[in-house]
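Q: This is structure.cif, which holds mmCIF, C-alpha atoms:
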```cif
data_coords
#
loop_
_atom_site.label_atom_id
_atom_site.label_comp_id
_atom_site.auth_asym_id
_atom_site.auth_seq_id
_atom_site.Cartn_x
_atom_site.Cartn_y
_atom_site.Cartn_z
CA MET A 26 22.62 -5.16 -8.57
CA LEU A 27 22.73 -6.88 -5.19
CA CYS A 28 19.27 -5.96 -3.98
CA ASN A 29 18.67 -4.61 -0.49
CA ILE A 30 15.84 -2.26 -1.45
CA CYS A 31 13.32 -3.64 1.03
CA PRO A 32 13.73 -4.74 4.67
CA ARG A 33 14.24 -8.36 3.57
CA LYS A 34 17.76 -7.38 2.39
CA CYS A 35 17.94 -10.63 0.45
CA ASN A 36 21.11 -9.49 -1.37
CA THR A 37 19.91 -11.11 -4.59
CA ASP A 38 21.82 -10.38 -7.80
CA ARG A 39 18.78 -9.27 -9.82
CA ASP A 40 20.99 -8.10 -12.72
CA SER A 41 21.99 -11.70 -13.34
CA GLY A 42 18.39 -12.89 -13.59
CA GLU A 43 18.08 -14.05 -9.99
CA LEU A 44 14.70 -13.34 -8.42
CA GLY A 45 14.48 -11.56 -5.09
CA TYR A 46 12.20 -12.49 -2.21
CA CYS A 47 9.65 -10.30 -4.02
CA GLY A 48 9.71 -12.75 -6.94
CA GLU A 49 11.06 -10.17 -9.38
CA GLY A 50 14.22 -9.66 -11.40
CA ASN A 51 15.64 -6.41 -12.71
CA SER A 52 12.96 -5.57 -15.31
CA LEU A 53 9.73 -3.73 -14.61
CA ARG A 54 6.86 -6.22 -14.58
CA ILE A 55 3.43 -4.64 -14.53
CA SER A 56 0.05 -6.31 -14.22
CA ARG A 57 -2.42 -3.53 -14.82
CA ILE A 58 -2.41 0.13 -15.86
CA ALA A 59 -5.86 1.72 -15.72
CA PRO A 60 -8.12 4.20 -13.93
CA HIS A 61 -9.40 2.74 -10.65
CA ALA A 62 -12.54 3.96 -8.91
CA PHE A 63 -12.31 2.05 -5.61
CA GLU A 64 -9.59 3.86 -3.67
CA GLU A 65 -10.47 6.31 -0.88
CA PRO A 66 -12.83 9.06 -2.18
CA VAL A 67 -10.12 11.73 -1.92
CA ILE A 68 -7.85 9.57 -4.10
CA SER A 69 -10.30 8.23 -6.69
CA GLY A 70 -12.48 11.35 -6.92
CA THR A 71 -14.92 11.34 -9.84
CA ARG A 72 -12.53 10.31 -12.62
CA GLY A 73 -10.52 7.59 -10.90
CA SER A 74 -6.98 7.11 -9.71
CA GLY A 75 -4.42 6.23 -12.39
CA THR A 76 -3.21 2.92 -10.99
CA VAL A 77 -0.06 1.11 -12.03
CA PHE A 78 -0.10 -2.36 -10.42
CA PHE A 79 3.40 -3.82 -10.18
CA SER A 80 3.89 -7.58 -10.02
CA GLY A 81 5.58 -9.14 -7.01
CA CYS A 82 5.64 -8.20 -3.34
CA SER A 83 8.06 -8.29 -0.42
CA LEU A 84 5.45 -9.65 2.01
CA GLY A 85 3.37 -12.63 0.89
CA CYS A 86 0.34 -12.31 3.16
CA VAL A 87 -1.67 -15.51 3.45
CA PHE A 88 -4.91 -13.57 2.83
CA CYS A 89 -3.64 -11.45 -0.09
CA GLN A 90 -6.46 -10.42 -2.43
CA ASN A 91 -3.96 -9.59 -5.20
CA ARG A 92 -2.27 -12.99 -5.10
CA ASP A 93 -2.67 -13.37 -8.87
CA ILE A 94 0.06 -10.76 -9.28
CA SER A 95 1.86 -10.62 -5.93
CA ARG A 96 3.14 -14.20 -5.80
CA ARG A 97 6.22 -15.48 -7.62
CA GLY A 98 5.29 -16.49 -11.15
CA GLY A 99 2.17 -14.32 -11.15
CA ALA A 100 0.67 -12.32 -13.99
CA GLY A 101 2.45 -9.38 -15.54
CA LYS A 102 4.05 -7.83 -18.60
CA ILE A 103 7.65 -6.70 -18.86
CA MET A 104 7.92 -3.00 -19.75
CA SER A 105 10.87 -0.73 -20.30
CA CYS A 106 11.18 2.47 -18.28
CA ASP A 107 10.39 4.48 -21.41
CA GLU A 108 7.25 2.43 -22.05
CA LEU A 109 6.07 2.97 -18.48
CA TYR A 110 6.87 6.69 -18.72
CA ASP A 111 4.68 6.99 -21.83
CA ALA A 112 1.90 4.92 -20.21
CA ILE A 113 1.87 7.20 -17.18
CA LEU A 114 1.50 10.28 -19.36
CA GLU A 115 -1.32 8.54 -21.27
CA LEU A 116 -3.05 7.85 -17.95
CA GLN A 117 -2.71 11.52 -17.07
CA ASP A 118 -4.21 12.48 -20.44
CA SER A 119 -7.20 10.20 -19.74
CA GLY A 120 -8.24 12.56 -16.92
CA VAL A 121 -7.33 10.60 -13.80
CA HIS A 122 -6.67 12.63 -10.64
CA ASN A 123 -3.26 11.12 -9.80
CA ILE A 124 -0.72 8.46 -10.70
CA ASN A 125 -1.00 5.63 -8.18
CA LEU A 126 2.03 3.31 -7.95
CA VAL A 127 0.73 0.11 -6.32
CA THR A 128 3.31 -2.13 -4.58
CA PRO A 129 6.25 -0.31 -6.19
CA THR A 130 8.92 -0.90 -3.52
CA HIS A 131 11.00 -3.57 -5.24
CA PHE A 132 11.27 -1.44 -8.41
CA SER A 133 12.32 1.71 -6.54
CA HIS A 134 15.73 1.86 -8.25
CA LEU A 135 13.96 2.16 -11.62
CA LEU A 136 11.10 4.40 -10.52
CA VAL A 137 13.18 7.12 -8.87
CA PRO A 138 14.90 8.22 -12.12
CA LEU A 139 11.61 7.87 -14.00
CA LEU A 140 9.83 10.18 -11.56
CA LYS A 141 12.72 12.64 -11.54
CA ARG A 142 12.44 12.87 -15.32
CA ALA A 143 8.65 13.29 -15.23
CA LYS A 144 8.75 15.94 -12.52
CA SER A 145 11.72 17.94 -13.84
CA SER A 146 10.35 18.00 -17.39
CA GLY A 147 7.03 19.36 -16.20
CA GLU A 148 5.20 16.68 -18.19
CA LEU A 149 3.67 15.11 -15.10
CA LYS A 150 1.26 17.62 -13.60
CA ILE A 151 -0.84 15.51 -11.23
CA PRO A 152 0.09 14.07 -7.81
CA VAL A 153 2.05 10.83 -7.45
CA VAL A 154 0.72 8.28 -4.95
CA TYR A 155 3.05 5.67 -3.40
CA ASN A 156 0.74 2.81 -2.43
CA SER A 157 2.57 0.15 -0.41
CA SER A 158 2.46 -2.53 2.26
CA GLY A 159 4.21 -0.24 4.75
CA TYR A 160 7.13 -2.69 4.88
CA GLU A 161 9.75 -0.22 3.69
CA ARG A 162 13.35 0.73 4.38
CA VAL A 163 13.67 4.35 5.43
CA GLU A 164 16.78 4.62 3.24
CA THR A 165 14.73 3.64 0.17
CA LEU A 166 11.92 6.05 1.03
CA LYS A 167 14.39 8.92 1.29
CA SER A 168 15.21 8.46 -2.39
CA PHE A 169 11.60 9.42 -3.16
CA ASP A 170 11.71 12.67 -1.17
CA GLY A 171 10.23 15.39 -3.37
CA LEU A 172 8.96 12.87 -5.94
CA VAL A 173 5.95 11.44 -4.09
CA ASP A 174 3.02 13.69 -3.15
CA ILE A 175 0.79 11.23 -1.32
CA TYR A 176 1.92 8.20 0.66
CA LEU A 177 -0.70 5.47 1.01
CA PRO A 178 0.86 2.77 3.23
CA ASP A 179 -0.75 -0.19 4.93
CA LEU A 180 -0.20 -0.63 8.65
CA LYS A 181 -1.05 -4.27 9.27
CA TYR A 182 -0.02 -5.66 12.66
CA TYR A 183 0.91 -4.68 16.19
CA SER A 184 1.84 -8.20 17.26
CA ASP A 185 5.12 -9.58 15.94
CA GLU A 186 3.63 -13.04 16.31
CA LEU A 187 0.74 -12.21 13.97
CA ALA A 188 3.08 -10.55 11.50
CA LEU A 189 5.21 -13.68 11.38
CA ARG A 190 2.20 -15.98 11.11
CA TYR A 191 0.37 -14.15 8.35
CA SER A 192 3.13 -12.30 6.44
CA ASN A 193 6.44 -13.89 7.50
CA THR A 194 7.63 -10.52 8.84
CA PRO A 195 8.34 -10.71 12.60
CA ASP A 196 9.74 -7.17 12.55
CA TYR A 197 6.77 -5.64 10.72
CA ARG A 198 5.48 -3.18 13.34
CA ALA A 199 8.81 -1.50 14.09
CA ILE A 200 9.75 -1.23 10.43
CA ALA A 201 6.34 0.01 9.25
CA LEU A 202 6.05 2.65 11.99
CA SER A 203 9.54 3.95 11.15
CA ALA A 204 8.63 4.01 7.46
CA ILE A 205 5.40 5.92 8.07
CA SER A 206 7.28 8.38 10.26
CA GLU A 207 9.63 9.04 7.31
CA MET A 208 6.66 9.47 4.98
CA TYR A 209 5.20 12.02 7.38
CA ARG A 210 8.55 13.80 7.66
CA GLN A 211 8.55 14.23 3.90
CA ARG A 212 4.95 15.34 3.37
CA GLY A 213 3.78 16.77 6.69
CA LYS A 214 0.13 17.44 7.42
CA TYR A 215 -2.26 16.38 4.69
CA ARG A 216 -3.49 19.02 2.23
CA TYR A 217 -6.63 19.08 0.09
CA SER A 218 -7.41 20.73 -3.23
CA PRO A 219 -9.05 24.19 -3.04
CA GLU A 220 -12.42 22.49 -3.60
CA GLY A 221 -11.75 20.20 -0.62
CA ASP A 222 -12.60 16.99 -2.46
CA LEU A 223 -9.20 15.65 -3.50
CA LEU A 224 -6.02 15.02 -1.59
CA LEU A 225 -2.98 16.83 -3.00
CA SER A 226 -0.37 15.90 -0.42
CA GLY A 227 0.06 13.96 2.80
CA VAL A 228 -0.11 10.49 4.31
CA VAL A 229 -3.14 8.18 4.38
CA VAL A 230 -2.56 5.11 6.57
CA ARG A 231 -4.67 2.08 5.73
CA HIS A 232 -5.49 -0.61 8.25
CA LEU A 233 -7.41 -3.79 7.44
CA VAL A 234 -9.26 -5.16 10.47
CA LEU A 235 -8.82 -8.93 10.62
CA PRO A 236 -11.24 -11.45 12.13
CA SER A 237 -10.49 -12.23 15.80
CA HIS A 238 -7.83 -9.50 16.05
CA ARG A 239 -9.64 -6.31 17.01
CA LYS A 240 -7.40 -5.88 20.07
CA ASP A 241 -4.32 -6.02 17.86
CA SER A 242 -5.88 -3.32 15.67
CA ILE A 243 -6.59 -1.08 18.65
CA ASP A 244 -3.07 -1.53 20.05
CA LEU A 245 -1.70 -0.63 16.62
CA LEU A 246 -3.72 2.59 16.43
CA HIS A 247 -2.39 3.62 19.84
CA ALA A 248 1.17 2.94 18.65
CA LEU A 249 0.59 5.04 15.53
CA ALA A 250 -0.86 7.94 17.53
CA GLU A 251 2.21 7.87 19.78
CA ARG A 252 4.50 8.29 16.75
CA ILE A 253 2.60 10.82 14.63
CA PRO A 254 -0.02 13.47 15.53
CA SER A 255 -3.37 11.88 14.73
CA SER A 256 -4.65 15.22 13.41
CA ASP A 257 -1.92 15.40 10.74
CA ILE A 258 -2.58 12.17 8.85
CA LEU A 259 -5.68 10.45 7.51
CA LEU A 260 -6.69 6.97 8.61
CA SER A 261 -8.51 4.55 6.33
CA LEU A 262 -10.06 1.74 8.39
CA MET A 263 -11.04 -1.13 6.16
CA SER A 264 -13.69 -3.76 6.85
CA GLN A 265 -13.23 -5.38 3.44
CA TYR A 266 -11.40 -8.49 4.67
CA THR A 267 -12.61 -11.28 2.39
CA PRO A 268 -12.19 -14.95 3.42
CA ASP A 269 -12.24 -16.09 -0.23
CA PHE A 270 -8.49 -15.52 -0.42
CA ALA A 271 -7.58 -17.41 2.77
CA LEU A 272 -9.70 -20.55 2.63
CA ASP A 273 -6.61 -22.61 1.85
CA THR A 274 -4.87 -21.55 5.07
CA PRO A 275 -4.98 -23.49 8.38
CA TYR A 276 -6.07 -20.36 10.28
CA LYS A 277 -9.77 -20.97 10.89
CA ASN A 278 -10.41 -17.42 12.11
CA LEU A 279 -9.50 -16.17 8.63
CA HIS A 280 -12.27 -18.27 7.09
CA ARG A 281 -14.94 -15.74 8.09
CA ARG A 282 -15.64 -12.05 7.67
CA VAL A 283 -15.10 -9.37 10.28
CA THR A 284 -18.13 -8.83 12.52
CA SER A 285 -19.83 -5.47 12.99
CA PHE A 286 -18.74 -5.52 16.65
CA GLU A 287 -15.09 -6.10 15.75
CA TYR A 288 -15.01 -3.36 13.15
CA GLY A 289 -17.10 -0.95 15.21
CA SER A 290 -14.86 -1.26 18.25
CA VAL A 291 -11.78 -0.40 16.16
CA CYS A 292 -13.61 2.58 14.65
CA ASP A 293 -14.51 3.77 18.15
CA ALA A 294 -10.87 3.54 19.19
CA ALA A 295 -9.78 5.53 16.14
CA LEU A 296 -12.26 8.29 16.91
CA SER A 297 -11.20 8.42 20.56
CA LEU A 298 -7.59 8.88 19.44
CA GLY A 299 -8.54 11.84 17.24
CA PHE A 300 -8.01 10.26 13.81
CA ASP A 301 -9.88 11.65 10.83
CA GLY A 302 -10.35 9.73 7.62
CA PHE A 303 -12.48 6.97 6.17
CA MET A 304 -14.53 3.99 7.30
CA GLN A 305 -16.09 1.35 5.07
CA GLU A 306 -19.53 -0.10 4.70
CA LYS A 307 -19.72 -3.82 5.45
CA SER A 308 -20.91 -4.34 1.84
CA SER A 309 -17.30 -3.78 0.71
CA ALA A 310 -16.27 -7.18 2.13
CA VAL A 311 -16.64 -9.01 -1.17
CA SER A 312 -14.11 -10.07 -3.79
CA ASP A 313 -15.91 -8.02 -6.47
CA TYR A 314 -13.76 -4.99 -5.62
CA THR A 315 -10.53 -6.81 -6.46
CA PRO A 316 -9.24 -5.72 -9.90
CA ASN A 317 -9.18 -8.35 -12.62
CA PHE A 318 -5.52 -9.03 -13.48
CA LYS A 319 -6.23 -11.83 -15.95
#
```
Would you kindly transcribe this structure into structure tokens?
A:
Amino acid sequence: MLCNICPRKCNTDRDSGELGYCGEGNSLRISRIAPHAFEEPVISGTRGSGTVFFSGCSLGCVFCQNRDISRRGGAGKIMSCDELYDAILELQDSGVHNINLVTPTHFSHLLVPLLKRAKSSGELKIPVVYNSSGYERVETLKSFDGLVDIYLPDLKYYSDELALRYSNTPDYRAIALSAISEMYRQRGKYRYSPEGDLLLSGVVVRHLVLPSHRKDSIDLLHALAERIPSSDILLSLMSQYTPDFALDTPYKNLHRRVTSFEYGSVCDAALSLGFDGFMQEKSSAVSDYTPNFK
């Protein structure tokens, strides 16, 4: 397979054992399968979200908190599609509220048939969450139409310069906004369970506020509101930026946490634009909330 799944279009022959930009070959490599309690409340609920953390990533952010698994040569176990299928059903049996595919993009060609099997058989009865960086090809997302119930993308940067500096993706904004528009086309306005405590369908856009870049965050929220009705999606504004993962970078602004003023001004902008969703306590800005992949 010459891989062009993600916007990198690196054209790598993963069937031959070559690794793509994502650092992965043509076998599923998975770092963690377990209930996870620290997603948004409407995702984690009371029994947790059934997370499947895939190894590798098409970005490579300099401040990545999951670098143990996202970087080339990181942690992970090779699994067959049948093994993952069984593991997902076991997660469902454990009582989790949904199946949460974390950074799945580069394994899309394997996950689409797996999800088709799970959905058509009726064995998978809980929502599927597609939890990604937002750096997606629309063509790839279309292959998941009808298979994903909840899209949970990041939306990281407005500035192309910042995207290049921190994630080596100078085209991030345009690609991510197009991807989120496709996600919204598929799922439409978000929908809760009858009890109103769990999300059943829709799009939740996550944005991590970075130190020194509150203006970029505000510009990004305006760009999102211009593309998609702010009342139809949920926004998760995160203050959890943790400098622990960026201390080896030359960017001194990333060596500190986000201030209350920075985060508060972005929250104010979100409210003024009519977004509903979630805001974090400053106490979340610690590395303790990062899953242990060792």
Q: Edge lengths and centre in Å to one decimal, as lines of an AutoDock Vina configuration file, is what I'm after for the box along x, y and z that holds all listed atoms of segment 53-59 of chain A once 8 Å is added on each side.
A:
```
center_x = 1.9
center_y = -2.3
center_z = -15.0
size_x = 31.6
size_y = 24.0
size_z = 17.6
```
Q: Give me the result of the PyMOL selection byres ((chain A and resi 105-118) around 12) on this file, residue by residue, as a VMD selection string.
A: chain A and resid 51 to 61 72 to 79 102 to 104 119 to 126 132 to 144 146 to 153
Q: Near Leu249 of chain A, within 10 Å and counting all atoms listed in the file, which residues show up once chain neighbours fewer than 2 positions away are dropped, as a ChimeraX atom specification?
A: /A:180,183,198,201-202,205-206,230,243-247,251-255,298
Q: For this structure, which residues satisfy the selection - the PyMOL selection byres ((chain A and resi 45) around 12) - when it is evaluated on the file as given? I want them as JSON, numbers by chain.
A: {"A": [26, 27, 28, 29, 30, 31, 32, 33, 34, 35, 36, 37, 38, 39, 40, 41, 42, 43, 44, 46, 47, 48, 49, 50, 51, 52, 81, 82, 83, 84, 96, 97, 131, 132]}
Q: Mind dumping the selected residues with C-alpha atoms as a short mmCIF file (atom, residue, chain, number, x, y, z; two decimals), in the coordinates of the input?
A:
```
data_model
loop_
_atom_site.label_atom_id
_atom_site.label_comp_id
_atom_site.auth_asym_id
_atom_site.auth_seq_id
_atom_site.Cartn_x
_atom_site.Cartn_y
_atom_site.Cartn_z
CA MET A 26 22.62 -5.16 -8.57
CA LEU A 27 22.73 -6.88 -5.19
CA CYS A 28 19.27 -5.96 -3.98
CA ASN A 29 18.67 -4.61 -0.49
CA ILE A 30 15.84 -2.26 -1.45
CA CYS A 31 13.32 -3.64 1.03
CA PRO A 32 13.73 -4.74 4.67
CA ARG A 33 14.24 -8.36 3.57
CA LYS A 34 17.76 -7.38 2.39
CA CYS A 35 17.94 -10.63 0.45
CA ASN A 36 21.11 -9.49 -1.37
CA THR A 37 19.91 -11.11 -4.59
CA ASP A 38 21.82 -10.38 -7.80
CA ARG A 39 18.78 -9.27 -9.82
CA ASP A 40 20.99 -8.10 -12.72
CA SER A 41 21.99 -11.70 -13.34
CA GLY A 42 18.39 -12.89 -13.59
CA GLU A 43 18.08 -14.05 -9.99
CA LEU A 44 14.70 -13.34 -8.42
CA TYR A 46 12.20 -12.49 -2.21
CA CYS A 47 9.65 -10.30 -4.02
CA GLY A 48 9.71 -12.75 -6.94
CA GLU A 49 11.06 -10.17 -9.38
CA GLY A 50 14.22 -9.66 -11.40
CA ASN A 51 15.64 -6.41 -12.71
CA SER A 52 12.96 -5.57 -15.31
CA GLY A 81 5.58 -9.14 -7.01
CA CYS A 82 5.64 -8.20 -3.34
CA SER A 83 8.06 -8.29 -0.42
CA LEU A 84 5.45 -9.65 2.01
CA ARG A 96 3.14 -14.20 -5.80
CA ARG A 97 6.22 -15.48 -7.62
CA HIS A 131 11.00 -3.57 -5.24
CA PHE A 132 11.27 -1.44 -8.41
#
```
Q: Report, in Å to a single decimal, how far apart atom CA of Leu177 of chain A and atom CA of Glu220 of chain A are.
A: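 Computing it gives 21.2 Å between the two atoms.
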Q: So, counting all atoms listed in the file, which residue among A:Pro236, A:Gly85, A:Pro268, A:Gly213 is closest to Tyr160 of chain A?
A: A:Gly85
Q: Counting all atoms listed in the file, what is within 8 Å of Leu224 of chain A, bar same-chain residues fewer than 6 positions away, as an mmCIF file with C-alpha atoms, in the frame of the given file?
A:
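Ended up saving to around_37.cif:
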```
data_model
loop_
_atom_site.group_PDB
_atom_site.id
_atom_site.type_symbol
_atom_site.label_atom_id
_atom_site.label_comp_id
_atom_site.auth_asym_id
_atom_site.auth_seq_id
_atom_site.Cartn_x
_atom_site.Cartn_y
_atom_site.Cartn_z
ATOM 1 C CA VAL A 67 -10.120 11.730 -1.920
ATOM 2 C CA ILE A 68 -7.850 9.570 -4.100
ATOM 3 C CA ILE A 175 0.790 11.230 -1.320
ATOM 4 C CA TYR A 215 -2.260 16.380 4.690
ATOM 5 C CA ARG A 216 -3.490 19.020 2.230
ATOM 6 C CA TYR A 217 -6.630 19.080 0.090
ATOM 7 C CA SER A 218 -7.410 20.730 -3.230
#
```
Q: May I have the residues at most 12 Å from (-11.5, 4.9, 16.3) in the file's coordinates, counting all atoms listed in the file, as a short mmCIF file (atom, residue, chain, number, x, y, z; two decimals) with C-alpha atoms, in the coordinates of the input?
A:
```cif
data_model
loop_
_atom_site.label_atom_id
_atom_site.label_comp_id
_atom_site.auth_asym_id
_atom_site.auth_seq_id
_atom_site.Cartn_x
_atom_site.Cartn_y
_atom_site.Cartn_z
CA HIS A 232 -5.49 -0.61 8.25
CA VAL A 234 -9.26 -5.16 10.47
CA ARG A 239 -9.64 -6.31 17.01
CA SER A 242 -5.88 -3.32 15.67
CA ILE A 243 -6.59 -1.08 18.65
CA ASP A 244 -3.07 -1.53 20.05
CA LEU A 245 -1.70 -0.63 16.62
CA LEU A 246 -3.72 2.59 16.43
CA HIS A 247 -2.39 3.62 19.84
CA ALA A 250 -0.86 7.94 17.53
CA SER A 255 -3.37 11.88 14.73
CA LEU A 259 -5.68 10.45 7.51
CA LEU A 260 -6.69 6.97 8.61
CA SER A 261 -8.51 4.55 6.33
CA LEU A 262 -10.06 1.74 8.39
CA MET A 263 -11.04 -1.13 6.16
CA GLU A 287 -15.09 -6.10 15.75
CA TYR A 288 -15.01 -3.36 13.15
CA GLY A 289 -17.10 -0.95 15.21
CA SER A 290 -14.86 -1.26 18.25
CA VAL A 291 -11.78 -0.40 16.16
CA CYS A 292 -13.61 2.58 14.65
CA ASP A 293 -14.51 3.77 18.15
CA ALA A 294 -10.87 3.54 19.19
CA ALA A 295 -9.78 5.53 16.14
CA LEU A 296 -12.26 8.29 16.91
CA SER A 297 -11.20 8.42 20.56
CA LEU A 298 -7.59 8.88 19.44
CA GLY A 299 -8.54 11.84 17.24
CA PHE A 300 -8.01 10.26 13.81
CA ASP A 301 -9.88 11.65 10.83
CA GLY A 302 -10.35 9.73 7.62
CA PHE A 303 -12.48 6.97 6.17
CA MET A 304 -14.53 3.99 7.30
#
```
Q: Between A:Glu186, A:Glu64, A:Asp93, A:Glu207, which has the minimum distance to Leu166 of chain A (counting all atoms listed in the file)?
A: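 Checking each of A:Glu186, A:Glu64, A:Asp93, A:Glu207 against Leu166 of chain A, counting all atoms listed in the file, the winner is A:Glu207.
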Q: Need to verify the contact set: Phe270 of chain A, 7 Å, only C-alpha atoms, exclusion of same-chain residues closer than 4 positions in sequence. Can you return it as a PDB file with C-alpha atoms, in the frame of the given file?
A:
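Output file out15.pdb is given in full below:
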```
ATOM      1  CA  PHE A  88      -4.910 -13.570   2.830  1.00  0.00           C
ATOM      2  CA  CYS A  89      -3.640 -11.450  -0.090  1.00  0.00           C
ATOM      3  CA  GLN A  90      -6.460 -10.420  -2.430  1.00  0.00           C
TER       4      GLN A  90
END
```
Q: List as a JSON list (two decimals) with C-alpha atoms, in the frame of the given file the residues having at least one atom at most 8 Å from position (7.9, -6.4, 12.4) as given in the file, counting all atoms listed in the file.
A:
```json
[["chain", "number", "residue", "atom", "x", "y", "z"],
["A", 182, "TYR", "CA", -0.02, -5.66, 12.66],
["A", 184, "SER", "CA", 1.84, -8.20, 17.26],
["A", 185, "ASP", "CA", 5.12, -9.58, 15.94],
["A", 188, "ALA", "CA", 3.08, -10.55, 11.50],
["A", 189, "LEU", "CA", 5.21, -13.68, 11.38],
["A", 194, "THR", "CA", 7.63, -10.52, 8.84],
["A", 195, "PRO", "CA", 8.34, -10.71, 12.60],
["A", 196, "ASP", "CA", 9.74, -7.17, 12.55],
["A", 197, "TYR", "CA", 6.77, -5.64, 10.72],
["A", 198, "ARG", "CA", 5.48, -3.18, 13.34],
["A", 199, "ALA", "CA", 8.81, -1.50, 14.09],
["A", 200, "ILE", "CA", 9.75, -1.23, 10.43],
["A", 201, "ALA", "CA", 6.34, 0.01, 9.25]]
```
Q: Between A:Gly221, A:Pro275, A:Pro66, A:Gly227, which is the closest to Val173 of chain A once you count only C-alpha atoms?
A: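 For Val173 of chain A, the nearest of the candidates is A:Gly227.
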Q: For a quick check of understanding, using all atoms listed in the file, which of A:Val127, A:Ala100, A:Val228, A:Met208 has the smallest distance to Glu164 of chain A?
A: A:Met208
Q: If you measure from atom CA of Val154 of chain A to atom CA of Asp269 of chain A, what distance in Å do you get, rounded to one decimal?
A: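 Between atom CA of Val154 of chain A and atom CA of Asp269 of chain A the gap works out to 28.0 Å.
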Q: What separation in Å, quoted to one decimal, exists between atom CA of Val87 of chain A and atom CA of Asn193 of chain A?
A: 9.2 Å
